[in-house]
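Quick look at structure39.cif (mmCIF, C-alpha atoms):
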```cif
data_work
loop_
_atom_site.label_atom_id
_atom_site.label_comp_id
_atom_site.auth_asym_id
_atom_site.auth_seq_id
_atom_site.Cartn_x
_atom_site.Cartn_y
_atom_site.Cartn_z
CA MET A 1 2.70 6.05 -4.21
CA ILE A 2 -0.93 7.25 -3.93
CA SER A 3 -2.26 3.81 -4.91
CA LYS A 4 0.02 2.18 -2.30
CA TRP A 5 -1.17 4.70 0.27
CA LEU A 6 -4.82 4.02 -0.55
CA LEU A 7 -4.25 0.28 -0.24
CA ASN A 8 -2.25 0.36 3.00
CA PRO A 9 -1.76 3.80 4.59
CA PHE A 10 -0.44 2.24 7.81
CA ARG A 11 2.93 1.63 6.19
CA TYR A 12 3.42 5.37 5.84
CA ILE A 13 1.59 7.15 8.65
CA SER A 14 1.44 6.69 12.42
CA GLY A 15 1.39 8.54 15.73
CA TRP A 16 -0.29 11.90 16.22
CA ALA A 17 -0.58 12.60 12.48
CA ALA A 18 -2.54 9.37 11.99
CA LEU A 19 -4.70 10.08 15.04
CA ALA A 20 -5.46 13.60 13.78
CA LEU A 21 -6.39 12.21 10.36
CA GLY A 22 -8.59 9.47 11.83
CA PHE A 23 -10.32 11.75 14.33
CA THR A 24 -10.90 14.47 11.71
CA GLY A 25 -12.46 11.77 9.56
CA LEU A 26 -14.83 10.74 12.36
CA VAL A 27 -15.90 14.37 12.91
CA ALA A 28 -16.27 14.96 9.15
CA MET A 29 -18.38 11.82 8.74
CA ALA A 30 -20.66 12.89 11.62
CA LEU A 31 -21.02 16.35 10.06
CA ILE A 32 -21.87 14.97 6.61
CA SER A 33 -24.18 12.35 8.15
CA SER A 34 -26.17 15.03 9.97
CA TYR A 35 -27.22 16.22 6.47
CA THR A 36 -27.35 12.93 4.57
CA LYS A 37 -28.71 10.87 7.54
CA VAL A 38 -26.42 7.89 6.94
CA HIS A 39 -25.84 6.02 10.20
CA LEU A 40 -22.55 4.16 10.69
CA ASP A 41 -24.07 2.25 13.58
CA GLY A 42 -21.64 -0.66 13.78
CA VAL A 43 -18.17 -1.65 12.60
CA VAL A 44 -19.56 -2.87 9.26
CA ASP A 45 -22.98 -1.18 9.34
CA VAL A 46 -24.27 1.52 7.03
CA HIS A 47 -27.96 2.43 7.37
CA PHE A 48 -30.16 5.16 5.95
CA GLY A 49 -32.51 7.00 8.27
CA HIS A 50 -34.48 10.19 8.74
CA GLN A 51 -33.41 11.07 12.25
CA GLY A 52 -30.39 12.39 14.08
CA GLY A 53 -28.28 15.48 14.49
CA PHE A 54 -24.51 15.85 14.61
CA TRP A 55 -24.13 14.52 18.17
CA VAL A 56 -26.11 11.32 17.47
CA PHE A 57 -23.87 10.53 14.48
CA PHE A 58 -20.72 11.57 16.32
CA ARG A 59 -21.58 9.38 19.32
CA GLU A 60 -22.25 6.43 16.99
CA ASN A 61 -18.83 6.94 15.41
CA LEU A 62 -17.19 7.23 18.84
CA ILE A 63 -18.85 4.03 20.11
CA VAL A 64 -17.70 2.12 17.01
CA TRP A 65 -14.19 3.53 17.45
CA ALA A 66 -14.10 2.65 21.17
CA SER A 67 -15.28 -0.90 20.39
CA LEU A 68 -12.48 -1.34 17.87
CA VAL A 69 -9.87 0.11 20.25
CA LEU A 70 -11.01 -2.23 23.02
CA VAL A 71 -11.13 -5.42 20.96
CA TYR A 72 -7.93 -4.69 19.02
CA GLY A 73 -6.20 -3.67 22.26
CA VAL A 74 -7.14 -6.78 24.23
CA THR A 75 -6.28 -9.05 21.26
CA GLY A 76 -2.93 -7.28 20.81
CA LEU A 77 -2.08 -7.60 24.50
CA ILE A 78 -2.87 -11.32 24.43
CA MET A 79 -0.94 -11.88 21.17
CA ARG A 80 2.10 -9.67 21.57
CA GLY A 81 2.08 -8.18 25.06
CA ALA A 82 2.58 -4.44 25.41
CA THR A 83 4.79 -4.13 22.31
CA PHE A 84 2.54 -1.70 20.41
CA ARG A 85 1.79 1.96 21.11
CA PHE A 86 -1.71 2.85 22.30
CA LEU A 87 -1.41 6.00 20.18
CA ASP A 88 -1.05 3.95 16.98
CA LEU A 89 -3.81 1.59 18.05
CA SER A 90 -6.20 4.52 18.55
CA ALA A 91 -5.09 6.20 15.34
CA TYR A 92 -5.32 3.13 13.11
CA THR A 93 -8.73 2.05 14.40
CA ALA A 94 -10.06 5.56 13.71
CA MET A 95 -8.42 5.62 10.27
CA MET A 96 -9.85 2.26 9.21
CA GLN A 97 -13.30 3.89 9.18
CA LEU A 98 -12.24 6.58 6.70
CA PRO A 99 -13.52 4.74 3.57
CA PHE A 100 -17.03 5.27 4.95
CA ILE A 101 -16.71 8.99 4.12
CA ILE A 102 -17.69 8.01 0.58
CA ALA A 103 -20.66 6.02 1.93
CA VAL A 104 -22.01 8.95 3.96
CA LEU A 105 -21.56 11.27 0.97
CA LEU A 106 -23.55 9.07 -1.46
CA PRO A 107 -27.05 10.51 -0.69
CA VAL A 108 -25.75 13.86 -1.96
CA PHE A 109 -25.72 12.35 -5.45
CA THR A 110 -28.74 10.05 -5.29
CA ASP A 111 -31.46 10.17 -2.62
CA PRO A 112 -32.10 6.71 -1.11
CA SER A 113 -35.01 7.84 1.09
CA VAL A 114 -37.69 7.11 -1.55
CA VAL A 115 -36.64 3.45 -1.82
CA VAL A 116 -36.11 3.21 1.97
CA ASP A 117 -39.63 4.61 2.57
CA TYR A 118 -41.03 2.21 -0.04
CA ILE A 119 -39.38 -0.78 1.71
CA MET A 120 -40.56 0.46 5.13
CA HIS A 121 -44.15 0.81 3.89
CA THR A 122 -44.30 -2.37 1.79
CA TYR A 123 -42.50 -4.80 4.08
CA LEU A 124 -42.80 -3.27 7.57
CA GLY A 125 -46.14 -1.49 7.18
CA ARG A 126 -44.72 1.84 8.33
CA GLY A 127 -45.22 5.31 6.84
CA ASP A 128 -47.23 6.41 3.85
CA PRO A 129 -47.36 4.67 0.45
CA VAL A 130 -44.55 5.76 -1.85
CA VAL A 131 -44.20 5.51 -5.63
CA VAL A 132 -40.72 4.51 -6.82
CA THR A 133 -39.33 4.85 -10.32
CA THR A 134 -36.82 2.61 -12.10
CA GLY A 135 -34.31 5.44 -11.74
CA ASP A 136 -34.78 5.44 -7.95
CA ILE A 137 -34.18 1.68 -7.79
CA ALA A 138 -31.16 1.83 -10.13
CA GLY A 139 -29.64 4.64 -8.04
CA PHE A 140 -30.31 2.71 -4.85
CA ILE A 141 -28.72 -0.51 -6.20
CA LEU A 142 -25.67 1.42 -7.40
CA MET A 143 -25.41 3.03 -3.97
CA MET A 144 -25.59 -0.38 -2.27
CA LEU A 145 -22.82 -1.72 -4.51
CA ILE A 146 -20.59 1.26 -3.71
CA ILE A 147 -21.30 0.81 0.00
CA ILE A 148 -20.34 -2.89 -0.21
CA VAL A 149 -17.04 -1.86 -1.81
CA MET A 150 -16.50 0.71 0.97
CA VAL A 151 -17.21 -1.93 3.64
CA PHE A 152 -14.62 -4.24 2.07
CA TRP A 153 -12.16 -1.35 1.78
CA SER A 154 -12.62 -0.53 5.46
CA LEU A 155 -12.18 -4.21 6.39
CA LEU A 156 -9.02 -4.39 4.27
CA TRP A 157 -7.62 -1.32 6.05
CA GLY A 158 -8.61 -2.92 9.33
CA PHE A 159 -6.62 -6.02 8.42
CA PHE A 160 -3.55 -4.01 7.42
CA ALA A 161 -3.87 -2.03 10.67
CA PHE A 162 -4.05 -5.35 12.55
CA LYS A 163 -0.98 -6.68 10.73
CA THR A 164 1.03 -3.51 11.24
CA LEU A 165 0.12 -3.03 14.89
CA PHE A 166 0.86 -6.58 15.97
CA ASN A 167 3.46 -7.59 13.35
CA THR A 168 1.53 -10.63 12.27
CA GLY A 169 0.42 -12.22 9.01
CA GLY A 170 -0.72 -15.38 7.29
CA LEU A 171 -3.88 -17.43 7.57
CA LYS A 172 -3.89 -17.55 11.38
CA ALA A 173 -3.82 -13.75 11.53
CA ALA A 174 -6.64 -13.54 8.97
CA ALA A 175 -8.79 -15.98 10.98
CA LEU A 176 -8.09 -14.08 14.18
CA TYR A 177 -8.91 -10.80 12.44
CA VAL A 178 -12.33 -12.15 11.38
CA MET A 179 -13.03 -12.98 15.04
CA VAL A 180 -11.85 -9.53 16.12
CA ILE A 181 -14.22 -7.86 13.67
CA ILE A 182 -17.17 -10.03 14.76
CA LEU A 183 -16.45 -9.19 18.41
CA ALA A 184 -16.02 -5.47 17.71
CA GLU A 185 -19.22 -5.43 15.63
CA THR A 186 -21.16 -7.12 18.47
CA LEU A 187 -19.69 -4.75 21.04
CA SER A 188 -20.46 -1.68 18.93
CA LEU A 189 -24.08 -2.77 18.36
CA LEU A 190 -24.51 -3.39 22.08
CA GLY A 191 -22.80 -0.10 22.93
CA ILE A 192 -25.05 1.87 20.60
CA HIS A 193 -28.13 0.12 21.91
CA ILE A 194 -27.19 0.66 25.56
CA LEU A 195 -25.64 4.13 25.37
CA LEU A 196 -27.93 5.72 22.79
CA GLY A 197 -31.01 3.94 24.11
CA VAL A 198 -32.99 3.72 20.88
CA SER A 199 -32.18 2.44 17.46
CA PRO A 200 -31.08 5.60 15.65
CA ILE A 201 -32.67 4.60 12.36
CA GLY A 202 -36.08 4.39 14.01
CA LEU A 203 -36.70 0.68 13.52
CA MET B 204 30.31 -5.04 -6.13
CA LYS B 205 30.20 -8.76 -5.53
CA ILE B 206 27.58 -10.03 -3.13
CA LEU B 207 28.80 -12.40 -0.42
CA PRO B 208 26.88 -15.68 -0.80
CA LYS B 209 25.66 -16.86 2.59
CA THR B 210 24.03 -20.09 1.52
CA CYS B 211 25.21 -22.76 -0.87
CA PRO B 212 23.67 -22.21 -4.33
CA SER B 213 23.61 -25.97 -4.80
CA CYS B 214 22.12 -27.38 -1.57
CA GLY B 215 21.08 -24.28 0.41
CA GLU B 216 23.31 -25.10 3.42
CA ALA B 217 24.99 -22.17 5.25
CA MET B 218 28.37 -21.30 3.72
CA ARG B 219 31.57 -21.16 5.82
CA VAL B 220 34.83 -19.28 5.28
CA LYS B 221 37.60 -21.66 4.26
CA GLN B 222 40.40 -19.25 3.50
CA LEU B 223 41.41 -15.71 4.53
CA HIS B 224 44.06 -13.72 2.74
CA CYS B 225 46.10 -10.64 3.73
CA LYS B 226 46.57 -8.37 0.74
CA GLY B 227 49.58 -6.66 2.45
CA CYS B 228 51.89 -9.60 3.21
CA ASP B 229 50.20 -12.40 1.28
CA THR B 230 49.57 -14.45 4.42
CA GLN B 231 46.84 -17.03 4.10
CA VAL B 232 44.85 -18.62 6.87
CA GLU B 233 42.88 -21.75 6.22
CA GLY B 234 40.22 -23.38 8.35
CA SER B 235 36.46 -23.52 8.65
CA PHE B 236 35.05 -20.31 10.06
CA ALA B 237 31.35 -19.55 10.51
CA PHE B 238 30.05 -16.14 9.44
CA PRO B 239 29.28 -13.76 12.30
CA VAL B 240 25.54 -13.56 13.01
CA LEU B 241 25.15 -10.11 11.44
CA LEU B 242 26.80 -11.26 8.21
CA GLN B 243 24.29 -14.08 7.95
CA LEU B 244 21.44 -11.60 7.59
CA SER B 245 20.25 -10.43 4.19
CA GLU B 246 21.81 -7.30 2.62
CA ALA B 247 18.59 -5.36 3.30
CA ARG B 248 18.62 -6.30 6.96
CA GLN B 249 22.32 -5.48 7.33
CA SER B 250 21.65 -2.11 5.76
CA PHE B 251 18.73 -1.58 8.17
CA ILE B 252 21.04 -2.25 11.14
CA VAL B 253 23.62 0.22 9.80
CA ASP B 254 20.87 2.83 9.38
CA PHE B 255 19.59 2.07 12.88
CA VAL B 256 23.05 2.67 14.40
CA LYS B 257 23.52 5.83 12.31
CA HIS B 258 20.21 7.12 13.68
CA SER B 259 21.48 6.52 17.23
CA GLY B 260 18.91 3.79 17.67
CA SER B 261 15.98 6.14 17.20
CA LEU B 262 13.20 4.34 15.34
CA LYS B 263 11.21 7.58 15.20
CA LYS B 264 13.99 9.37 13.29
CA MET B 265 14.49 6.35 11.09
CA ALA B 266 10.80 6.13 10.26
CA LYS B 267 10.83 9.82 9.32
CA ASP B 268 13.88 9.47 7.05
CA LEU B 269 12.63 6.26 5.42
CA ASN B 270 9.18 7.83 4.94
CA MET B 271 7.58 4.92 6.74
CA SER B 272 5.38 4.63 9.78
CA TYR B 273 6.86 3.95 13.22
CA PRO B 274 5.14 0.55 13.64
CA THR B 275 6.39 -0.58 10.21
CA VAL B 276 10.00 0.23 11.15
CA ARG B 277 9.46 -1.30 14.59
CA ASN B 278 8.21 -4.50 12.91
CA MET B 279 11.30 -4.60 10.67
CA LEU B 280 13.49 -4.43 13.78
CA ASP B 281 11.42 -7.10 15.53
CA ASP B 282 11.83 -9.40 12.52
CA ILE B 283 15.60 -8.87 12.59
CA ILE B 284 15.69 -9.59 16.35
CA SER B 285 13.69 -12.76 15.77
CA GLU B 286 16.04 -13.89 12.96
CA ILE B 287 19.14 -13.17 15.10
CA GLN B 288 17.64 -15.23 17.93
CA THR B 289 16.97 -18.12 15.54
CA LEU B 290 20.53 -17.96 14.19
CA GLU B 291 21.98 -17.85 17.70
CA ASN B 292 19.85 -20.81 18.76
CA LYS B 293 21.06 -22.77 15.73
CA LYS B 294 24.66 -21.92 16.66
CA SER B 295 24.28 -23.14 20.22
#
```
Rewritten as structure tokens:
Amino acid sequence: MISKWLLNPFRYISGWAALALGFTGLVAMALISSYTKVHLDGVVDVHFGHQGGFWVFFRENLIVWASLVLVYGVTGLIMRGATFRFLDLSAYTAMMQLPFIIAVLLPVFTDPSVVVDYIMHTYLGRGDPVVVTTGDIAGFILMMLIIIVMVFWSLLWGFFAFKTLFNTGGLKAAALYVMVIILAETLSLLGIHILLGVSPIGL
Amino acid sequence: MKILPKTCPSCGEAMRVKQLHCKGCDTQVEGSFAFPVLLQLSEARQSFIVDFVKHSGSLKKMAKDLNMSYPTVRNMLDDIISEIQTLENKKS
């Protein structure tokens, strides 16, 4: 049951309970991020930075959520008319970001800032010179691999949310979902740029 | 319990009722009768409809009892509606 839930929670949860879970996740991720400085600044974006307090991270999460609600909502209305509940749409698009909790927690176990600073100095000419060890690089690569898995997990949940909300499936639905994600990603990047003004990771 | 076959095991065509029998007086009626639309649905879908009626048509209550989400149950109903429409269109 747990494995089924982890693969597709939308079969088992909906309504206010799902919205509470999704929204709590967004708040929790912003809280953790304010310590670990992991920015979820796009639908499929995970970046390490040095800046930002709780509200910066929370607003990033809200903008991503709003972008998903908007793009999913418009697509759903075009595809199926008003047959789905806005409550479920809001809940599922918040919940599909939950796998990123693991991504924002990763710097607790291994600090990526040394490698990030090294890359910034070496390739972008910013900051002071940094010495990195093999351990730092190994930890960073492992972290990247875990983040890639989390991104795929989130996208998988997004697809199941899409299928459940609009009762669709097959190759056409998969192709449409890819377009939805690209649109939502673009909208979220634009939203963060316009509403937060500066790039939160300081680039 | 025997399961009523709805399609021909040989060619896949929809089955029809050829003979009906009264257990009380042994009367037999012969002809070629089509199954009612609901009987043409799968056992699972028939059972869903029975559950739906028992829950007074409340998908919320049904979702709770089946331990499933509301949209999942709603989708099951939509699929049944779609199949019934297809069967009715075939009939007409």
task = Within 8 Å of Phe236 of chain B, counting all atoms listed in the file, which residues show up once you throw out same-chain ones fewer than 5 positions away? Write them as a PyMOL selection string, please.
result = chain B and resi 219-221
task = Please evaluate the PyMOL selection byres ((chain A) within 9 of (chain B)) against the structure above and give the resulting residues as a PyMOL selection string.
result = chain A and resi 9-15+84-85+88+164-167
task = Mind checking which residues fall within 7 Å of segment 137-145 of chain A, counting all atoms listed in the file, ignoring those fewer than 4 positions away in the same chain, and posting them as a PyMOL selection string?
result = chain A and resi 106+110+112+115+133+149
remark   = atom CA of Tyr35 of chain A sits from atom CA of Leu6 of chain A at a separation of 26.5 Å
ask   = Counting all atoms listed in the file, which of B:Ala247, B:Leu241, B:Val232, B:Leu262 gets nearest to Ile284 of chain B?
value =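 With all atoms listed in the file as the atom set, the closest residue is B:Leu241.
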task = Using the chain letters and numbers from the file, give me the residues hit by the PyMOL selection byres ((chain A and resi 158) around 9), as a ChimeraX atom specification.
result = /A:92-93,95-97,153-157,159-163,177,181
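Taken over the shown file, the PyMOL selection byres ((chain A and resi 130) around 12) identifies Ser113, Val114, Val115, Val116, Asp117, Tyr118, Ile119, Met120, His121, Thr122, Gly125, Arg126, Gly127, Asp128, Pro129, Val131, Val132, Thr133 and Asp136 of chain A.
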task = Determine, counting only C-alpha atoms, which protein, DNA and RNA residues have an atom within 9 Å of an atom of Leu98 of chain A; residues of the same chain fewer than 5 positions away are not included. Present the result as a PyMOL selection string.
result = chain A and resi 21-22+25-26+29+154
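Checking A:Val151, A:Leu68, A:Ala94, A:Leu176 one by one against Asp45 of chain A, counting all atoms listed in the file, you find the shortest gap at A:Val151.
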message = So the first atom is atom CA of Val38 of chain A and the second is atom CA of Val104 of chain A; what is the distance between them in Å, to one decimal place?
response = 5.4 Å
request  = Could you check how far atom CA of Ser67 of chain A sits from atom CA of Gly191 of chain A, in Å to one decimal?
outcome  = 8.0 Å
Around segment 246-250 of chain B, fit a box with edges along x, y and z, padding it by 3 Å on each side, then list its centre and edge lengths in Å to one decimal as JSON.
```
{"center_x": 20.5, "center_y": -4.7, "center_z": 5.0, "size_x": 9.7, "size_y": 11.2, "size_z": 10.7}
```
ask   = Neighbours of Pro239 of chain B within 12 Å (all atoms listed in the file; same-chain residues fewer than 2 positions away dropped), as a ChimeraX atom specification?
value = /B:209,217-220,236-237,241-244,249,287,290-291,294
Would you write out those residues with C-alpha atoms, as a PDB file, keeping the file's coordinate frame?
```pdb
ATOM      1  CA  LYS B 209      25.660 -16.860   2.590  1.00  0.00           C
ATOM      2  CA  ALA B 217      24.990 -22.170   5.250  1.00  0.00           C
ATOM      3  CA  MET B 218      28.370 -21.300   3.720  1.00  0.00           C
ATOM      4  CA  ARG B 219      31.570 -21.160   5.820  1.00  0.00           C
ATOM      5  CA  VAL B 220      34.830 -19.280   5.280  1.00  0.00           C
ATOM      6  CA  PHE B 236      35.050 -20.310  10.060  1.00  0.00           C
ATOM      7  CA  ALA B 237      31.350 -19.550  10.510  1.00  0.00           C
ATOM      8  CA  LEU B 241      25.150 -10.110  11.440  1.00  0.00           C
ATOM      9  CA  LEU B 242      26.800 -11.260   8.210  1.00  0.00           C
ATOM     10  CA  GLN B 243      24.290 -14.080   7.950  1.00  0.00           C
ATOM     11  CA  LEU B 244      21.440 -11.600   7.590  1.00  0.00           C
ATOM     12  CA  GLN B 249      22.320  -5.480   7.330  1.00  0.00           C
ATOM     13  CA  ILE B 287      19.140 -13.170  15.100  1.00  0.00           C
ATOM     14  CA  LEU B 290      20.530 -17.960  14.190  1.00  0.00           C
ATOM     15  CA  GLU B 291      21.980 -17.850  17.700  1.00  0.00           C
ATOM     16  CA  LYS B 294      24.660 -21.920  16.660  1.00  0.00           C
TER      17      LYS B 294
END
```
query = So which residues touch Phe251 of chain B within 10 Å, counting only C-alpha atoms, skipping near sequence neighbours fewer than 2 positions away, as a PyMOL selection string?
reply = chain B and resi 245-249+253-257+265+276+279-280+283
task = Between A:Ile78, A:Leu40, A:Phe48, A:Ala18, single out the one closest to Asp111 of chain A, counting all atoms listed in the file.
result =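 Among the listed residues, A:Phe48 lies closest to Asp111 of chain A.
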